[in-house]
Amino acid sequence: MKTAILYTSKYGTTEKVACLIAEKLKETNDVALFSLNQHPKPEINGFECVILGTPIYAGQASSKIKAFCKANESVLLQKKIGLFVCGMYPDKTNREKELKEAYPETLHQKAEATGFLGGAFIFERMNYFERLIIKQIAKATTSVEQIDSKAIDAFVRKLQ
């Protein structure tokens with residue numbers, strides 16, 4: 001199956017998760033990765049499956065992924081869909097809320113797989129203000145990676 005994985009990534013965590021998903025799907029799928037930061041209007045008509053991924057910052061999904069979903073909703077609804085978010089919220093209820101709010105309800109209803117796949121705080125890539133906010137809100141003082149490999153495996157299984 002031809003699968004497109006479209007994502008946005010600020011510090012690289014969502015890109016890393018998209019690559020992990022692609023690697024797991026490559027055994028049974030022809031997979032193409034598209035960063036919406038570099039390719040804001042990828043052509044998805046030739047793909048049977050489309051996976052969308054976005055980081056969550058301050059409770060919000062990427063504006064680029066939201067705009068892409070809005071502009072391509074009718075085409076996306078004709079595809080097999082997977083939706084994921086990357087973030088560091090520890091509370092399951094808030095994770096589910098962030099995932100739900102990241103994408104239009106119509107895509108959630110169509111999606112065969114959805115998931116909150118973990119995240120990271122990468123202090124080396126943050127500016128002073130971002131580090132200060134993370135230190136105050138999340139109480140993290142060093143870089144932390146919490147990519148959820150079990151959640152990624154479960155996500156991929158639903159799409160195979």
# chains A, B, ... in the order shown; residues from 1 in each chain; ligands from 1
$ select_by_dssp --residues "range 40-137 of chain A" --states "strand (DSSP E)" --output "ChimeraX atom specification"
/A:49-57,60-61,80-86,113-116,118-121
$ closest_atom_pairs --of "range 51-106 of chain A" --to "range 131-150 of chain A" --cutoff "12 Å" --atoms "only C-alpha atoms" --output "tab-separated table"
residue	atom	partner	partner_atom	distance
A:Tyr57	CA	A:Ile134	CA	10.7
A:Ala58	CA	A:Ile133	CA	10.0
A:Phe84	CA	A:Asp148	CA	11.9
A:Val85	CA	A:Ile147	CA	11.0
A:Cys86	CA	A:Ile147	CA	8.2
A:Gly87	CA	A:Gln146	CA	8.9
A:Met88	CA	A:Gln146	CA	7.5
A:Tyr89	CA	A:Ala138	CA	8.7
A:Pro90	CA	A:Ala138	CA	9.6
$ write_last_selection --atoms "N, CA and C atoms" --output "compact mmCIF listing (two decimals), in the first residue's frame"
# COMPACT_ATOMS: atom_id res chain seq x y z
N TYR A 57 2.46 22.16 21.25
CA TYR A 57 3.16 23.18 22.03
C TYR A 57 2.12 24.06 22.70
N ALA A 58 2.24 24.17 24.01
CA ALA A 58 1.29 24.97 24.80
C ALA A 58 -0.15 24.56 24.51
N PHE A 84 -1.51 11.22 14.60
CA PHE A 84 -0.76 11.16 15.84
C PHE A 84 -0.27 12.54 16.26
N VAL A 85 -0.03 12.65 17.55
CA VAL A 85 0.56 13.85 18.12
C VAL A 85 1.75 13.45 18.98
N CYS A 86 2.66 14.39 19.13
CA CYS A 86 3.81 14.23 20.02
C CYS A 86 3.77 15.35 21.05
N GLY A 87 3.91 14.99 22.30
CA GLY A 87 3.90 15.98 23.36
C GLY A 87 4.40 15.37 24.65
N MET A 88 4.47 16.19 25.66
CA MET A 88 5.03 15.75 26.93
C MET A 88 4.02 15.81 28.08
N TYR A 89 2.76 15.98 27.78
CA TYR A 89 1.76 16.03 28.85
C TYR A 89 1.66 14.67 29.52
N PRO A 90 1.83 14.60 30.84
CA PRO A 90 1.81 13.30 31.52
C PRO A 90 0.41 12.75 31.78
$ closest_residue --among "A:Ala120, A:Cys19, A:Leu36, A:Ala111" --to "Leu6 in chain A" --atoms "only C-alpha atoms"
A:Leu36
$ closest_residue --among "A:Ser62, A:Val17, A:Thr114, A:Tyr128" --to "Arg95 in chain A" --atoms "only C-alpha atoms"
A:Thr114
$ closest_residue --among "A:Phe123, A:Tyr11, A:Phe68, A:Phe116" --to "Lys41 in chain A" --atoms "only C-alpha atoms"
A:Phe68
$ residues_around --residues "range 21-26 of chain A" --least-positions-apart "2" --cutoff "10 Å" --atoms "only C-alpha atoms" --output "number ranges by chain"
A: 1-5, 15-19, 28-33, 51, 149, 152-153, 155-157, 159-160
$ write_last_selection --atoms "N, CA and C atoms" --output "mmCIF file, in the first residue's frame"
data_model
loop_
_atom_site.group_PDB
_atom_site.id
_atom_site.type_symbol
_atom_site.label_atom_id
_atom_site.label_comp_id
_atom_site.auth_asym_id
_atom_site.auth_seq_id
_atom_site.Cartn_x
_atom_site.Cartn_y
_atom_site.Cartn_z
ATOM 1 N N MET A 1 0.847 -1.174 0.000
ATOM 2 C CA MET A 1 0.000 0.000 0.000
ATOM 3 C C MET A 1 0.895 1.240 0.000
ATOM 4 N N LYS A 2 0.573 2.209 -0.822
ATOM 5 C CA LYS A 2 1.312 3.468 -0.859
ATOM 6 C C LYS A 2 0.852 4.339 0.302
ATOM 7 N N THR A 3 1.802 4.695 1.158
ATOM 8 C CA THR A 3 1.513 5.444 2.373
ATOM 9 C C THR A 3 2.337 6.719 2.421
ATOM 10 N N ALA A 4 1.667 7.834 2.714
ATOM 11 C CA ALA A 4 2.338 9.121 2.907
ATOM 12 C C ALA A 4 2.273 9.471 4.390
ATOM 13 N N ILE A 5 3.409 9.838 4.941
ATOM 14 C CA ILE A 5 3.455 10.332 6.317
ATOM 15 C C ILE A 5 3.809 11.808 6.234
ATOM 16 N N GLU A 15 9.437 14.488 13.837
ATOM 17 C CA GLU A 15 10.110 13.911 12.674
ATOM 18 C C GLU A 15 10.684 12.536 13.027
ATOM 19 N N LYS A 16 11.295 12.412 14.190
ATOM 20 C CA LYS A 16 11.858 11.128 14.625
ATOM 21 C C LYS A 16 10.762 10.072 14.731
ATOM 22 N N VAL A 17 9.612 10.443 15.304
ATOM 23 C CA VAL A 17 8.494 9.503 15.430
ATOM 24 C C VAL A 17 7.962 9.133 14.044
ATOM 25 N N ALA A 18 7.844 10.105 13.154
ATOM 26 C CA ALA A 18 7.388 9.821 11.782
ATOM 27 C C ALA A 18 8.334 8.829 11.105
ATOM 28 N N CYS A 19 9.629 8.992 11.322
ATOM 29 C CA CYS A 19 10.615 8.068 10.733
ATOM 30 C C CYS A 19 10.510 6.676 11.348
ATOM 31 N N THR A 28 5.744 -3.688 4.737
ATOM 32 C CA THR A 28 4.532 -4.040 3.999
ATOM 33 C C THR A 28 3.980 -2.892 3.152
ATOM 34 N N ASN A 29 4.618 -1.732 3.185
ATOM 35 C CA ASN A 29 4.100 -0.555 2.496
ATOM 36 C C ASN A 29 5.201 0.165 1.731
ATOM 37 N N ASP A 30 4.784 0.897 0.708
ATOM 38 C CA ASP A 30 5.659 1.832 0.008
ATOM 39 C C ASP A 30 5.439 3.177 0.691
ATOM 40 N N VAL A 31 6.422 3.647 1.477
ATOM 41 C CA VAL A 31 6.225 4.797 2.354
ATOM 42 C C VAL A 31 7.018 6.013 1.874
ATOM 43 N N ALA A 32 6.358 7.172 1.894
ATOM 44 C CA ALA A 32 7.012 8.449 1.596
ATOM 45 C C ALA A 32 6.793 9.395 2.768
ATOM 46 N N LEU A 33 7.853 10.080 3.181
ATOM 47 C CA LEU A 33 7.789 11.054 4.271
ATOM 48 C C LEU A 33 7.782 12.463 3.700
ATOM 49 N N ILE A 51 -0.864 9.359 6.825
ATOM 50 C CA ILE A 51 -0.655 9.495 8.268
ATOM 51 C C ILE A 51 -0.224 10.930 8.525
ATOM 52 N N SER A 149 7.484 3.794 22.514
ATOM 53 C CA SER A 149 7.633 2.776 21.466
ATOM 54 C C SER A 149 6.466 1.792 21.446
ATOM 55 N N ILE A 152 3.698 3.485 19.584
ATOM 56 C CA ILE A 152 4.019 3.509 18.153
ATOM 57 C C ILE A 152 3.718 2.146 17.531
ATOM 58 N N ASP A 153 4.118 1.076 18.204
ATOM 59 C CA ASP A 153 3.836 -0.273 17.691
ATOM 60 C C ASP A 153 2.331 -0.516 17.559
ATOM 61 N N PHE A 155 -0.009 1.752 17.185
ATOM 62 C CA PHE A 155 -0.472 2.649 16.112
ATOM 63 C C PHE A 155 -0.236 1.989 14.747
ATOM 64 N N VAL A 156 0.977 1.481 14.543
ATOM 65 C CA VAL A 156 1.340 0.851 13.279
ATOM 66 C C VAL A 156 0.508 -0.392 13.019
ATOM 67 N N ARG A 157 0.298 -1.204 14.038
ATOM 68 C CA ARG A 157 -0.508 -2.439 13.871
ATOM 69 C C ARG A 157 -1.919 -2.126 13.364
ATOM 70 N N LEU A 159 -2.755 0.127 11.369
ATOM 71 C CA LEU A 159 -2.712 0.573 9.966
ATOM 72 C C LEU A 159 -2.265 -0.525 9.011
ATOM 73 N N GLN A 160 -1.825 -1.651 9.512
ATOM 74 C CA GLN A 160 -1.336 -2.726 8.637
ATOM 75 C C GLN A 160 -2.466 -3.617 8.175
#
$ atom_distance --atom1 "CA of Tyr7 in chain A" --atom2 "CA of Phe34 in chain A"
6.5 Å
$ select_by_dssp --residues "chain A" --states "helix (DSSP H, G or I)" --output "VMD selection string"
chain A and resid 13 to 25 63 to 76 92 to 102 105 to 110 123 to 125 128 to 137 149 to 159
